[in-house]
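Listing of entry32.pdb, PDB, C-alpha atoms
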ATOM      1  CA  MET E   1      15.582  -9.245   2.270
ATOM      2  CA  ALA E   2      16.929 -12.762   2.390
ATOM      3  CA  ARG E   3      15.485 -14.666  -0.553
ATOM      4  CA  THR E   4      12.126 -16.096   0.447
ATOM      5  CA  PRO E   5      11.415 -19.828   0.109
ATOM      6  CA  LEU E   6       7.842 -18.917  -0.875
ATOM      7  CA  SER E   7       6.918 -19.060  -4.553
ATOM      8  CA  MET E   8       6.755 -15.672  -6.256
ATOM      9  CA  GLU E   9       4.025 -17.006  -8.553
ATOM     10  CA  PRO E  10       0.976 -17.372  -6.290
ATOM     11  CA  THR E  11      -2.482 -17.666  -7.800
ATOM     12  CA  GLY E  12      -4.826 -14.722  -7.415
ATOM     13  CA  TRP E  13      -5.686 -11.142  -8.320
ATOM     14  CA  PHE E  14      -2.845  -8.622  -8.488
ATOM     15  CA  GLN E  15      -2.846  -4.903  -9.201
ATOM     16  CA  VAL E  16      -0.786  -3.909 -12.237
ATOM     17  CA  ALA E  17      -1.817  -0.250 -12.573
ATOM     18  CA  TRP E  18      -4.245   2.409 -11.486
ATOM     19  CA  SER E  19      -7.065   2.791 -14.005
ATOM     20  CA  ALA E  20      -6.198   6.434 -14.703
ATOM     21  CA  GLU E  21      -2.757   5.363 -15.959
ATOM     22  CA  ILE E  22      -4.200   3.546 -18.964
ATOM     23  CA  ARG E  23      -6.097   5.987 -21.166
ATOM     24  CA  VAL E  24      -8.186   5.018 -24.194
ATOM     25  CA  GLY E  25      -5.753   4.081 -26.952
ATOM     26  CA  ALA E  26      -2.794   3.707 -24.589
ATOM     27  CA  VAL E  27      -0.386   0.756 -24.651
ATOM     28  CA  ARG E  28       1.548   0.363 -21.395
ATOM     29  CA  LYS E  29       4.632  -1.818 -20.939
ATOM     30  CA  MET E  30       5.001  -3.761 -17.702
ATOM     31  CA  LYS E  31       6.741  -6.785 -16.218
ATOM     32  CA  TYR E  32       5.151  -9.090 -13.659
ATOM     33  CA  PHE E  33       5.723 -12.712 -12.656
ATOM     34  CA  GLY E  34       8.887 -12.720 -14.719
ATOM     35  CA  ARG E  35       6.933 -12.027 -17.916
ATOM     36  CA  GLU E  36       6.995  -9.027 -20.222
ATOM     37  CA  MET E  37       3.406  -7.763 -20.546
ATOM     38  CA  VAL E  38       1.401  -4.970 -22.114
ATOM     39  CA  ALA E  39      -1.827  -3.383 -20.917
ATOM     40  CA  TRP E  40      -3.990  -1.477 -23.387
ATOM     41  CA  ARG E  41      -7.384   0.196 -23.452
ATOM     42  CA  SER E  42      -9.659  -0.237 -26.463
ATOM     43  CA  ALA E  43     -11.796   2.471 -28.061
ATOM     44  CA  SER E  44     -14.787   1.276 -26.028
ATOM     45  CA  GLY E  45     -12.781   1.744 -22.818
ATOM     46  CA  VAL E  46     -12.062  -1.898 -21.972
ATOM     47  CA  VAL E  47      -8.612  -2.808 -20.628
ATOM     48  CA  ALA E  48      -6.777  -5.939 -21.751
ATOM     49  CA  VAL E  49      -3.465  -7.349 -20.519
ATOM     50  CA  PHE E  50      -1.330  -9.595 -22.732
ATOM     51  CA  ASP E  51       2.041 -11.221 -22.772
ATOM     52  CA  ALA E  52       4.078  -8.665 -24.669
ATOM     53  CA  TYR E  53       5.248 -10.558 -27.732
ATOM     54  CA  CYS E  54       3.405 -10.913 -31.027
ATOM     55  CA  GLU E  55       2.889 -14.566 -31.938
ATOM     56  CA  HIS E  56       3.822 -13.853 -35.568
ATOM     57  CA  LEU E  57       7.557 -13.096 -35.383
ATOM     58  CA  GLY E  58       7.949 -12.015 -31.774
ATOM     59  CA  ALA E  59       7.820  -8.217 -31.924
ATOM     60  CA  HIS E  60       7.310  -6.556 -28.521
ATOM     61  CA  LEU E  61       3.886  -4.953 -28.711
ATOM     62  CA  GLY E  62       4.855  -2.302 -26.163
ATOM     63  CA  TYR E  63       7.309  -0.704 -28.584
ATOM     64  CA  GLY E  64       5.251   0.842 -31.350
ATOM     65  CA  GLY E  65       2.126  -1.271 -30.934
ATOM     66  CA  ARG E  66      -1.066   0.749 -31.306
ATOM     67  CA  VAL E  67      -4.762   0.436 -30.567
ATOM     68  CA  ASP E  68      -7.171   0.419 -33.496
ATOM     69  CA  GLY E  69     -10.756   0.239 -32.296
ATOM     70  CA  GLU E  70     -11.045  -2.942 -30.237
ATOM     71  CA  ASN E  71      -7.777  -4.482 -31.428
ATOM     72  CA  LEU E  72      -4.064  -4.183 -30.699
ATOM     73  CA  VAL E  73      -1.961  -3.812 -33.823
ATOM     74  CA  CYS E  74       1.591  -5.136 -34.044
ATOM     75  CA  PRO E  75       4.119  -2.516 -35.268
ATOM     76  CA  PHE E  76       6.098  -5.086 -37.273
ATOM     77  CA  HIS E  77       3.601  -6.450 -39.842
ATOM     78  CA  GLY E  78       0.252  -4.983 -38.808
ATOM     79  CA  TRP E  79      -1.258  -8.187 -37.434
ATOM     80  CA  GLU E  80      -4.286  -7.363 -35.272
ATOM     81  CA  TRP E  81      -5.160  -9.105 -32.001
ATOM     82  CA  ASN E  82      -8.456  -8.794 -30.146
ATOM     83  CA  ARG E  83      -8.855  -8.497 -26.369
ATOM     84  CA  ASP E  84      -8.807 -12.294 -25.999
ATOM     85  CA  GLY E  85      -5.407 -12.421 -27.682
ATOM     86  CA  ARG E  86      -6.764 -13.955 -30.882
ATOM     87  CA  ASN E  87      -5.527 -12.912 -34.297
ATOM     88  CA  VAL E  88      -8.394 -11.276 -36.199
ATOM     89  CA  CYS E  89      -6.581  -9.686 -39.144
ATOM     90  CA  ILE E  90      -3.491 -10.191 -41.275
ATOM     91  CA  PRO E  91      -3.574  -7.174 -43.581
ATOM     92  CA  TYR E  92      -1.988  -8.982 -46.537
ATOM     93  CA  GLU E  93      -4.001 -12.227 -46.223
ATOM     94  CA  LYS E  94      -7.674 -13.048 -46.673
ATOM     95  CA  HIS E  95      -7.944 -14.894 -43.359
ATOM     96  CA  PRO E  96      -6.463 -14.459 -39.879
ATOM     97  CA  ASN E  97      -4.272 -17.067 -38.228
ATOM     98  CA  LYS E  98      -6.788 -18.855 -36.019
ATOM     99  CA  GLY E  99      -4.220 -21.291 -34.653
ATOM    100  CA  ARG E 100      -2.130 -18.774 -32.687
ATOM    101  CA  ARG E 101      -3.105 -16.812 -29.614
ATOM    102  CA  ILE E 102      -1.244 -14.380 -27.377
ATOM    103  CA  ARG E 103      -1.667 -15.225 -23.706
ATOM    104  CA  SER E 104      -4.189 -12.813 -22.230
ATOM    105  CA  TYR E 105      -5.078 -12.440 -18.548
ATOM    106  CA  PRO E 106      -8.501 -12.027 -16.925
ATOM    107  CA  VAL E 107      -8.839  -8.336 -16.037
ATOM    108  CA  VAL E 108     -11.061  -6.540 -13.539
ATOM    109  CA  GLU E 109     -11.197  -2.781 -13.017
ATOM    110  CA  ARG E 110     -12.324  -2.048  -9.488
ATOM    111  CA  ASN E 111     -11.462   0.451  -6.763
ATOM    112  CA  GLU E 112      -9.716   2.779  -9.255
ATOM    113  CA  ALA E 113      -7.318  -0.051 -10.150
ATOM    114  CA  VAL E 114      -6.544  -2.604 -12.854
ATOM    115  CA  TRP E 115      -6.252  -6.181 -11.566
ATOM    116  CA  ILE E 116      -5.131  -9.287 -13.429
ATOM    117  CA  TRP E 117      -5.764 -12.893 -12.474
ATOM    118  CA  TYR E 118      -2.517 -14.849 -12.507
ATOM    119  CA  ASP E 119      -2.301 -18.639 -12.332
ATOM    120  CA  VAL E 120       0.732 -20.613 -13.483
ATOM    121  CA  GLU E 121      -1.549 -23.263 -14.999
ATOM    122  CA  GLY E 122      -3.831 -20.749 -16.690
ATOM    123  CA  ARG E 123      -6.904 -21.708 -14.667
ATOM    124  CA  PRO E 124      -9.788 -19.195 -14.541
ATOM    125  CA  PRO E 125     -10.591 -17.040 -11.487
ATOM    126  CA  THR E 126     -12.154 -18.767  -8.490
ATOM    127  CA  PHE E 127     -12.954 -15.673  -6.412
ATOM    128  CA  ASP E 128     -13.544 -11.955  -6.978
ATOM    129  CA  VAL E 129     -11.751  -8.689  -6.283
ATOM    130  CA  PRO E 130     -13.573  -7.133  -3.298
ATOM    131  CA  ASP E 131     -15.375  -3.804  -3.699
ATOM    132  CA  ILE E 132     -13.947  -1.348  -1.165
ATOM    133  CA  PHE E 133     -17.397   0.166  -0.722
ATOM    134  CA  GLY E 134     -19.931  -2.490  -1.694
ATOM    135  CA  ASP E 135     -18.445  -5.342   0.343
ATOM    136  CA  PHE E 136     -18.458  -3.677   3.762
ATOM    137  CA  ASP E 137     -21.634  -3.602   5.813
ATOM    138  CA  ASP E 138     -22.590   0.054   5.413
ATOM    139  CA  ASP E 139     -24.132   2.397   2.870
ATOM    140  CA  ARG E 140     -21.058   4.510   2.130
ATOM    141  CA  THR E 141     -20.036   5.123  -1.493
ATOM    142  CA  ALA E 142     -17.086   6.665  -3.308
ATOM    143  CA  ASP E 143     -18.955   9.997  -3.313
ATOM    144  CA  ASP E 144     -18.480  10.151   0.465
ATOM    145  CA  TYR E 145     -14.691  10.138   0.062
ATOM    146  CA  TYR E 146     -12.075  12.308  -1.575
ATOM    147  CA  PRO E 147     -10.803  10.867  -4.865
ATOM    148  CA  PRO E 148      -7.487   9.143  -4.070
ATOM    149  CA  ILE E 149      -5.789   9.343  -7.456
ATOM    150  CA  ALA E 150      -3.080  10.490  -7.457
ATOM    151  CA  ALA E 151      -2.607  12.578  -4.289
ATOM    152  CA  ALA E 152      -3.436   9.755  -1.857
ATOM    153  CA  THR E 153      -1.369   6.912  -3.311
ATOM    154  CA  LEU E 154       2.030   5.346  -2.856
ATOM    155  CA  PHE E 155       4.007   3.383  -5.456
ATOM    156  CA  ARG E 156       7.276   1.651  -4.673
ATOM    157  CA  GLU E 157       8.715  -0.546  -7.399
ATOM    158  CA  GLY E 158      11.176  -3.388  -7.358
ATOM    159  CA  LEU E 159      11.257  -3.987  -3.597
ATOM    160  CA  GLU E 160      12.367  -7.307  -2.118
ATOM    161  CA  ILE E 161       8.955  -7.996  -0.603
ATOM    162  CA  HIS E 162       6.709 -11.036  -0.848
ATOM    163  CA  PRO E 163       2.896 -10.587  -0.983
ATOM    164  CA  GLN E 164       2.383 -12.917   1.992
ATOM    165  CA  TYR E 165       4.271 -10.541   4.292
ATOM    166  CA  ILE E 166       1.530  -7.945   4.120
ATOM    167  CA  MET E 167      -1.129 -10.553   4.900
ATOM    168  CA  GLU E 168       0.831 -11.756   7.928
ATOM    169  CA  ASN E 169       0.998  -8.148   9.069
ATOM    170  CA  GLY E 170      -2.781  -8.269   9.481
ATOM    171  CA  VAL E 171      -2.652 -10.920  12.215
ATOM    172  CA  ASP E 172       0.475  -9.525  13.882
ATOM    173  CA  PHE E 173      -1.143  -7.721  16.821
ATOM    174  CA  ALA E 174       2.141  -6.993  18.622
ATOM    175  CA  HIS E 175       3.762  -4.889  15.897
ATOM    176  CA  PHE E 176       1.149  -2.120  16.143
ATOM    177  CA  LYS E 177       2.546  -0.863  19.431
ATOM    178  CA  PHE E 178       6.185  -0.933  18.350
ATOM    179  CA  VAL E 179       5.953   0.067  14.670
ATOM    180  CA  HIS E 180       2.860   2.285  14.673
ATOM    181  CA  LYS E 181       3.193   3.558  18.257
ATOM    182  CA  THR E 182      -0.376   2.705  19.256
ATOM    183  CA  PRO E 183      -1.127   3.099  22.978
ATOM    184  CA  PHE E 184      -2.122  -0.559  23.309
ATOM    185  CA  MET E 185      -1.982  -3.788  21.353
ATOM    186  CA  PRO E 186      -5.162  -4.430  19.387
ATOM    187  CA  GLU E 187      -7.667  -7.148  20.140
ATOM    188  CA  PHE E 188      -8.817  -9.277  17.223
ATOM    189  CA  THR E 189     -12.566  -9.739  17.007
ATOM    190  CA  ARG E 190     -12.634 -11.833  13.846
ATOM    191  CA  HIS E 191     -10.292 -14.240  12.100
ATOM    192  CA  ASP E 192     -12.074 -16.101   9.302
ATOM    193  CA  PHE E 193      -9.839 -18.140   7.002
ATOM    194  CA  SER E 194     -12.534 -20.529   5.795
ATOM    195  CA  GLY E 195     -12.186 -19.709   2.081
ATOM    196  CA  PRO E 196      -9.927 -17.984  -0.440
ATOM    197  CA  VAL E 197     -11.277 -14.621   0.759
ATOM    198  CA  SER E 198     -10.413 -14.106   4.436
ATOM    199  CA  TYR E 199     -11.661 -11.593   7.002
ATOM    200  CA  VAL E 200      -9.659 -10.051   9.835
ATOM    201  CA  ASP E 201     -11.152  -7.416  12.178
ATOM    202  CA  PHE E 202      -9.621  -5.819  15.250
ATOM    203  CA  THR E 203     -10.120  -3.058  17.793
ATOM    204  CA  ILE E 204      -7.417  -0.393  17.784
ATOM    205  CA  ALA E 205      -6.838   3.291  18.572
ATOM    206  CA  PHE E 206      -4.083   5.795  17.893
ATOM    207  CA  ASP E 207      -5.142   8.416  20.446
ATOM    208  CA  GLU E 208      -2.713   8.963  23.285
ATOM    209  CA  GLY E 209      -4.091   7.580  26.523
ATOM    210  CA  ALA E 210      -6.603   5.266  24.867
ATOM    211  CA  THR E 211      -6.947   1.795  26.340
ATOM    212  CA  LEU E 212      -8.372  -1.442  25.066
ATOM    213  CA  GLU E 213     -11.164  -1.166  27.626
ATOM    214  CA  ASN E 214     -12.376   2.250  26.434
ATOM    215  CA  ALA E 215     -11.455   2.015  22.734
ATOM    216  CA  THR E 216     -14.273   2.800  20.321
ATOM    217  CA  SER E 217     -12.474   2.329  17.032
ATOM    218  CA  GLY E 218     -11.108  -0.441  14.863
ATOM    219  CA  VAL E 219     -10.352  -1.875  11.445
ATOM    220  CA  GLU E 220     -12.117  -4.401   9.220
ATOM    221  CA  SER E 221     -10.213  -6.067   6.393
ATOM    222  CA  ILE E 222     -11.117  -8.280   3.442
ATOM    223  CA  ASN E 223      -8.241 -10.237   1.912
ATOM    224  CA  ALA E 224      -8.818 -11.802  -1.493
ATOM    225  CA  GLY E 225      -5.902 -14.153  -1.890
ATOM    226  CA  LEU E 226      -2.399 -12.848  -1.265
ATOM    227  CA  GLY E 227      -2.406  -9.929  -3.693
ATOM    228  CA  CYS E 228      -5.555  -7.997  -2.895
ATOM    229  CA  SER E 229      -6.685  -6.470   0.393
ATOM    230  CA  VAL E 230      -9.137  -3.715   1.321
ATOM    231  CA  THR E 231      -9.677  -2.199   4.760
ATOM    232  CA  LYS E 232     -12.248   0.004   6.451
ATOM    233  CA  SER E 233     -11.518   2.034   9.595
ATOM    234  CA  TRP E 234     -14.294   2.957  12.004
ATOM    235  CA  GLY E 235     -14.485   5.214  15.048
ATOM    236  CA  MET E 236     -11.387   7.206  14.010
ATOM    237  CA  VAL E 237     -10.373   9.200  10.940
ATOM    238  CA  ASP E 238     -12.743   7.847   8.298
ATOM    239  CA  ASN E 239     -10.510   6.042   5.819
ATOM    240  CA  ARG E 240     -10.377   3.021   3.584
ATOM    241  CA  THR E 241      -7.156   1.615   2.213
ATOM    242  CA  MET E 242      -6.062  -0.789  -0.477
ATOM    243  CA  PRO E 243      -2.543  -2.213  -0.209
ATOM    244  CA  ALA E 244      -1.391  -4.372  -3.118
ATOM    245  CA  VAL E 245       1.860  -6.289  -3.629
ATOM    246  CA  THR E 246       2.518  -7.746  -7.096
ATOM    247  CA  PRO E 247       5.544  -9.955  -7.856
ATOM    248  CA  VAL E 248       7.803  -8.693 -10.624
ATOM    249  CA  ASP E 249      10.254 -11.598 -10.708
ATOM    250  CA  ASP E 250      11.734 -14.224  -8.377
ATOM    251  CA  HIS E 251      13.165 -11.563  -6.063
ATOM    252  CA  THR E 252      11.090  -8.384  -6.166
ATOM    253  CA  SER E 253       7.570  -6.962  -6.093
ATOM    254  CA  ASP E 254       5.891  -3.650  -6.827
ATOM    255  CA  VAL E 255       3.950  -2.161  -3.926
ATOM    256  CA  ARG E 256       0.911   0.092  -4.366
ATOM    257  CA  PHE E 257      -1.182   1.702  -1.667
ATOM    258  CA  THR E 258      -4.385   3.677  -2.197
ATOM    259  CA  VAL E 259      -6.121   5.715   0.511
ATOM    260  CA  TRP E 260      -9.680   7.028   0.566
ATOM    261  CA  ILE E 261     -10.319   9.720   3.220
ATOM    262  CA  GLY E 262     -13.906  10.511   4.171
ATOM    263  CA  ARG E 263     -15.101  13.984   3.234
ATOM    264  CA  LYS E 264     -15.874  16.482   5.943
ATOM    265  CA  PRO E 265     -19.602  17.057   6.564
ATOM    266  CA  GLY E 266     -21.048  19.387   3.964
ATOM    267  CA  GLU E 267     -18.417  18.649   1.307
ATOM    268  CA  GLU E 268     -20.251  16.925  -1.513
ATOM    269  CA  SER E 269     -17.771  16.922  -4.380
ATOM    270  CA  GLY E 270     -14.454  18.197  -5.626
ATOM    271  CA  PRO E 271     -10.811  17.123  -5.426
ATOM    272  CA  ILE E 272      -9.012  16.146  -2.264
ATOM    273  CA  SER E 273      -8.766  19.001   0.256
ATOM    274  CA  ASP E 274      -5.799  20.038   2.399
ATOM    275  CA  TYR E 275      -7.441  18.140   5.259
ATOM    276  CA  GLY E 276      -7.848  15.041   3.110
ATOM    277  CA  LYS E 277      -4.254  15.202   1.909
ATOM    278  CA  THR E 278      -2.940  15.621   5.456
ATOM    279  CA  MET E 279      -4.919  12.614   6.692
ATOM    280  CA  ALA E 280      -3.918  10.503   3.681
ATOM    281  CA  ASP E 281      -0.262  11.354   4.223
ATOM    282  CA  PHE E 282      -0.556  10.186   7.837
ATOM    283  CA  VAL E 283      -2.046   6.844   6.753
ATOM    284  CA  ILE E 284       0.620   6.421   4.064
ATOM    285  CA  GLU E 285       3.341   7.216   6.601
ATOM    286  CA  GLN E 286       2.115   4.341   8.763
ATOM    287  CA  PHE E 287       2.212   1.988   5.778
ATOM    288  CA  GLU E 288       5.727   3.122   4.857
ATOM    289  CA  ALA E 289       6.893   2.107   8.319
ATOM    290  CA  ASP E 290       5.778  -1.432   7.526
ATOM    291  CA  ILE E 291       7.461  -1.364   4.100
ATOM    292  CA  GLU E 292      10.793  -0.466   5.673
ATOM    293  CA  ILE E 293      10.661  -3.676   7.694
ATOM    294  CA  TRP E 294       9.190  -5.961   5.027
ATOM    295  CA  ALA E 295      11.873  -4.963   2.511
ATOM    296  CA  HIS E 296      14.653  -6.235   4.769
ATOM    297  CA  GLN E 297      13.149  -9.152   6.633
ATOM    298  CA  ARG E 298      13.804 -12.864   6.370
ATOM    299  CA  TYR E 299      10.930 -15.323   6.112
ATOM    300  CA  SER E 300      11.244 -17.467   9.222
ATOM    301  CA  ASP E 301       9.883 -20.983   8.893
ATOM    302  CA  PRO E 302       9.066 -22.142  11.436
ATOM    303  CA  PRO E 303       8.805 -18.820  13.255
ATOM    304  CA  ALA E 304       9.542 -18.463  16.960
ATOM    305  CA  LEU E 305       5.989 -17.518  17.925
ATOM    306  CA  SER E 306       4.798 -16.572  21.369
ATOM    307  CA  ARG E 307       1.744 -18.305  22.802
ATOM    308  CA  LYS E 308      -0.556 -15.372  21.957
ATOM    309  CA  GLU E 309       0.737 -15.149  18.379
ATOM    310  CA  HIS E 310       0.443 -18.828  17.560
ATOM    311  CA  GLN E 311      -3.200 -19.120  16.517
ATOM    312  CA  GLY E 312      -3.284 -16.146  14.147
ATOM    313  CA  PHE E 313      -0.019 -16.868  12.333
ATOM    314  CA  THR E 314      -0.695 -20.604  12.087
ATOM    315  CA  ALA E 315      -4.151 -20.011  10.637
ATOM    316  CA  LEU E 316      -2.940 -17.494   8.092
ATOM    317  CA  ARG E 317      -0.010 -19.594   6.900
ATOM    318  CA  ALA E 318      -2.256 -22.635   6.495
ATOM    319  CA  TRP E 319      -4.726 -20.487   4.524
ATOM    320  CA  ALA E 320      -1.956 -19.105   2.300
ATOM    321  CA  THR E 321      -0.831 -22.532   1.052
ATOM    322  CA  GLN E 322      -3.862 -22.829  -1.244
ATOM    323  CA  PHE E 323      -2.515 -20.038  -3.473
ATOM    324  CA  TYR E 324       0.831 -21.637  -4.281
ATOM    325  CA  PRO E 325       1.479 -23.909  -7.276
ATOM    326  CA  ASP E 326       2.325 -26.866  -5.021
ATOM    327  CA  GLY E 327      -0.362 -26.109  -2.419
ATOM    328  CA  PRO E 328      -3.752 -27.780  -1.964
ATOM    329  CA  THR E 329      -6.175 -27.494  -4.881
ATOM    330  CA  THR E 330      -9.156 -26.700  -2.651
ATOM    331  CA  PRO E 331      -9.479 -23.901  -0.102
ATOM    332  CA  VAL E 332      -8.308 -24.581   3.421
ATOM    333  CA  GLY E 333     -11.264 -25.538   5.627
ATOM    334  CA  ALA E 334     -12.489 -23.459   8.530
ATOM    335  CA  GLY E 335     -11.730 -25.862  11.355
ATOM    336  CA  ASP E 336     -10.570 -23.910  14.406
ATOM    337  CA  ARG E 337      -9.493 -20.953  12.258
ATOM    338  CA  LYS E 338     -12.733 -18.960  12.394
ATOM    339  CA  ALA E 339     -13.544 -16.052  14.652
ATOM    340  CA  MET E 340     -11.209 -15.668  17.618
TER     341      MET E 340
END

Whole structure, C-alpha cells version:
Amino acid sequence: MARTPLSMEPTGWFQVAWSAEIRVGAVRKMKYFGREMVAWRSASGVVAVFDAYCEHLGAHLGYGGRVDGENLVCPFHGWEWNRDGRNVCIPYEKHPNKGRRIRSYPVVERNEAVWIWYDVEGRPPTFDVPDIFGDFDDDRTADDYYPPIAAATLFREGLEIHPQYIMENGVDFAHFKFVHKTPFMPEFTRHDFSGPVSYVDFTIAFDEGATLENATSGVESINAGLGCSVTKSWGMVDNRTMPAVTPVDDHTSDVRFTVWIGRKPGEESGPISDYGKTMADFVIEQFEADIEIWAHQRYSDPPALSRKEHQGFTALRAWATQFYPDGPTTPVGAGDRKAM
C-alpha cells in the first residue's frame, strides 16, 4: 500500500482482542496507535487497558507484571495500580503516589470482543459500540447463533490497511460484482451519515441467476466511527459479521473479523457444527478477497468517481472527517447524505 495521507490516529472504538484471549489474571502485551500497551483482567473479571510503562521508573508491565485482586503490580518494585491507572500501593511506603497516573483507556466488552476508546486528546467517548444483536430490529440473540470464537474468526496482523478503507467498501456497490462475483450490483436502500454512527443497507444476492428485480435478500450495517462495524444479513445464509481494523503504527493495522452463523432449526446449543464452520469459512473467504485489495491499494484523493458512485463516496468521506485530529469537532450534519 502506498502510504496513506489519512491520519492513523482517528478517534473512536477499536478492537484490541477477543474477550476469550484475556483470562482472569492475565496480562497481555499489545501495540496500537504507536504505543506499547497492556491489557489485563482483574479478579472480578473486569478488563483494563493501560499504556505499558510503570510511572515509577518505567518498567514494562507486560514483562513480569501480575494481577493481584483488582490491581496490576509492577515487577520492578511492586507498585500497584488500579484499573484507572492510579497508584494505590507502594509496598515500602505508608502512602501511594497520588500525583502519578498511568494512561488508561475506556474499555467496553461487547460482541465477544475487547474495545478501547482512543482519542489523541484524551477526550471521553461520544458514542457507543453497537450490539450485534440488540441494535438490529429483530428479536434474535446470541443463543440463535453458533459461538464464533475461535473457529469463525480471522486475524491478520501488521497489514498496510487504513480503517477508512473498510468503511468505503460499504458504499462501493460496483466492487461486489467484480470482487465477490455477485450476479448483479447491489442497490442501496439506506445511507445515513447524520451522526458518528452511520447506517448503510443494501439489497444483494449471491445465488446464480438472481436479479435485482427478484432479489429477496440484503445486508444491514451499523458503523460506529471508523474502527467498529457490525452487519446483519437477511434472506440468505443467516449470518452477522464484525470486521474491525485497528491501527498499530503510522503504516500498519491489525485486522479482525468475527462471524456468527445462525443455527439450523432444532439446534439449541453446543459448539459450531460442520455446517456452521463451512458457512463461516465462505463468509471469511469473501472478506479475505477484500483484504487482498485493501493491503495494496493507494488512497486516491480526489478519486475518479463515476456519476453513480459520487453520492455514496462523497457522503462517507465527509462523514469520516469528524474522526480525525484535524477534522470538525462536531458530527457532520445530515444534509443530503441521508437515505438514498

List the residues matched by the PyMOL selection byres ((chain E and resi 60) around 12) in the displayed structure as a PyMOL selection string, ordered by chain and then by residue number.
chain E and resi 27-30+35-38+50-59+61-66+72-77+102

Can you measure CA of Asp143 in chain E to CA of Val255 in chain E for me? One decimal in Å is fine.
25.9 Å

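If all atoms listed in the file are the atoms counted, then among E:Asp301, E:Glu309, E:Glu70, E:Asp137 the closest residue to Gly170 in chain E is E:Glu309.
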
Selection under test: the PyMOL selection byres ((chain E and resi 240-248) around 8); residues as a VMD selection string:
chain E and resid 8 to 9 14 to 16 31 to 34 132 158 161 to 163 166 227 to 233 238 to 239 249 to 261

Within 12 Å of file point (-6.9, -21.7, -14.2), counting only C-alpha atoms, expressed as a PyMOL selection string
chain E and resi 10-12+105-106+117-127+323+325+329

Output the residue selection produced by the PyMOL selection byres ((chain E and resi 219) around 9) on the file above, formatted as a ChimeraX atom specification.
/E:200-204,217-218,220-221,231-235

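Using only C-alpha atoms, the smallest distance between any of E:Phe184, E:Cys89, E:Thr189, E:Pro196 and Glu208 in chain E comes from E:Phe184.
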
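In this comparison, which uses all atoms listed in the file, the residue of E:Ala289, E:Met236, E:Ala20, E:Ala113 approaching Asp207 in chain E most closely is E:Met236.
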
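Reported to one decimal place, the separation of CA of Asp138 in chain E from CA of Glu268 in chain E is 18.4 Å.
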
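Between CA of Val108 in chain E and CA of Asp192 in chain E lies a distance of 24.8 Å.
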
List as a ChimeraX atom specification the protein and nucleic acid residues near His95 in chain E, meaning an atom at most 12 Å away when all atoms listed in the file are counted, but skip any in the same chain fewer than 6 places from it.
/E:79-80,87-89

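The set of protein, DNA and RNA residues with any counted atom at most 12 Å from (-2.2, 14.6, 3.7) (all atoms listed in the file) reads Tyr146, Pro148, Ala150, Ala151, Ala152, Thr153, Val259, Trp260, Ile261, Ile272, Ser273, Asp274, Tyr275, Gly276, Lys277, Thr278, Met279, Ala280, Asp281, Phe282, Val283, Ile284 and Glu285 of chain E.
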
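For the choices E:Gly69, E:Pro147, E:Gly78, E:Pro302, the atom-to-atom distance to Glu112 in chain E is smallest for E:Pro147 when using only C-alpha atoms.
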
Box for range 101-108 of chain E: with edges along x, y and z, all listed atoms inside and 5 Å added on each side, what are the centre and edge lengths in Å to one decimal, as lines of an AutoDock Vina configuration file?
center_x = -6.2
center_y = -11.7
center_z = -21.6
size_x = 19.8
size_y = 20.3
size_z = 26.1

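Minimum distance to Gly85 in chain E across E:Val107, E:Ala48, E:Leu226, E:Ala26 (counting all atoms listed in the file) occurs at E:Ala48.
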
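Nearest residue to Gly99 in chain E, choosing from E:Pro130, E:Arg263, E:Arg86, E:Ala210 and counting all atoms listed in the file: E:Arg86.
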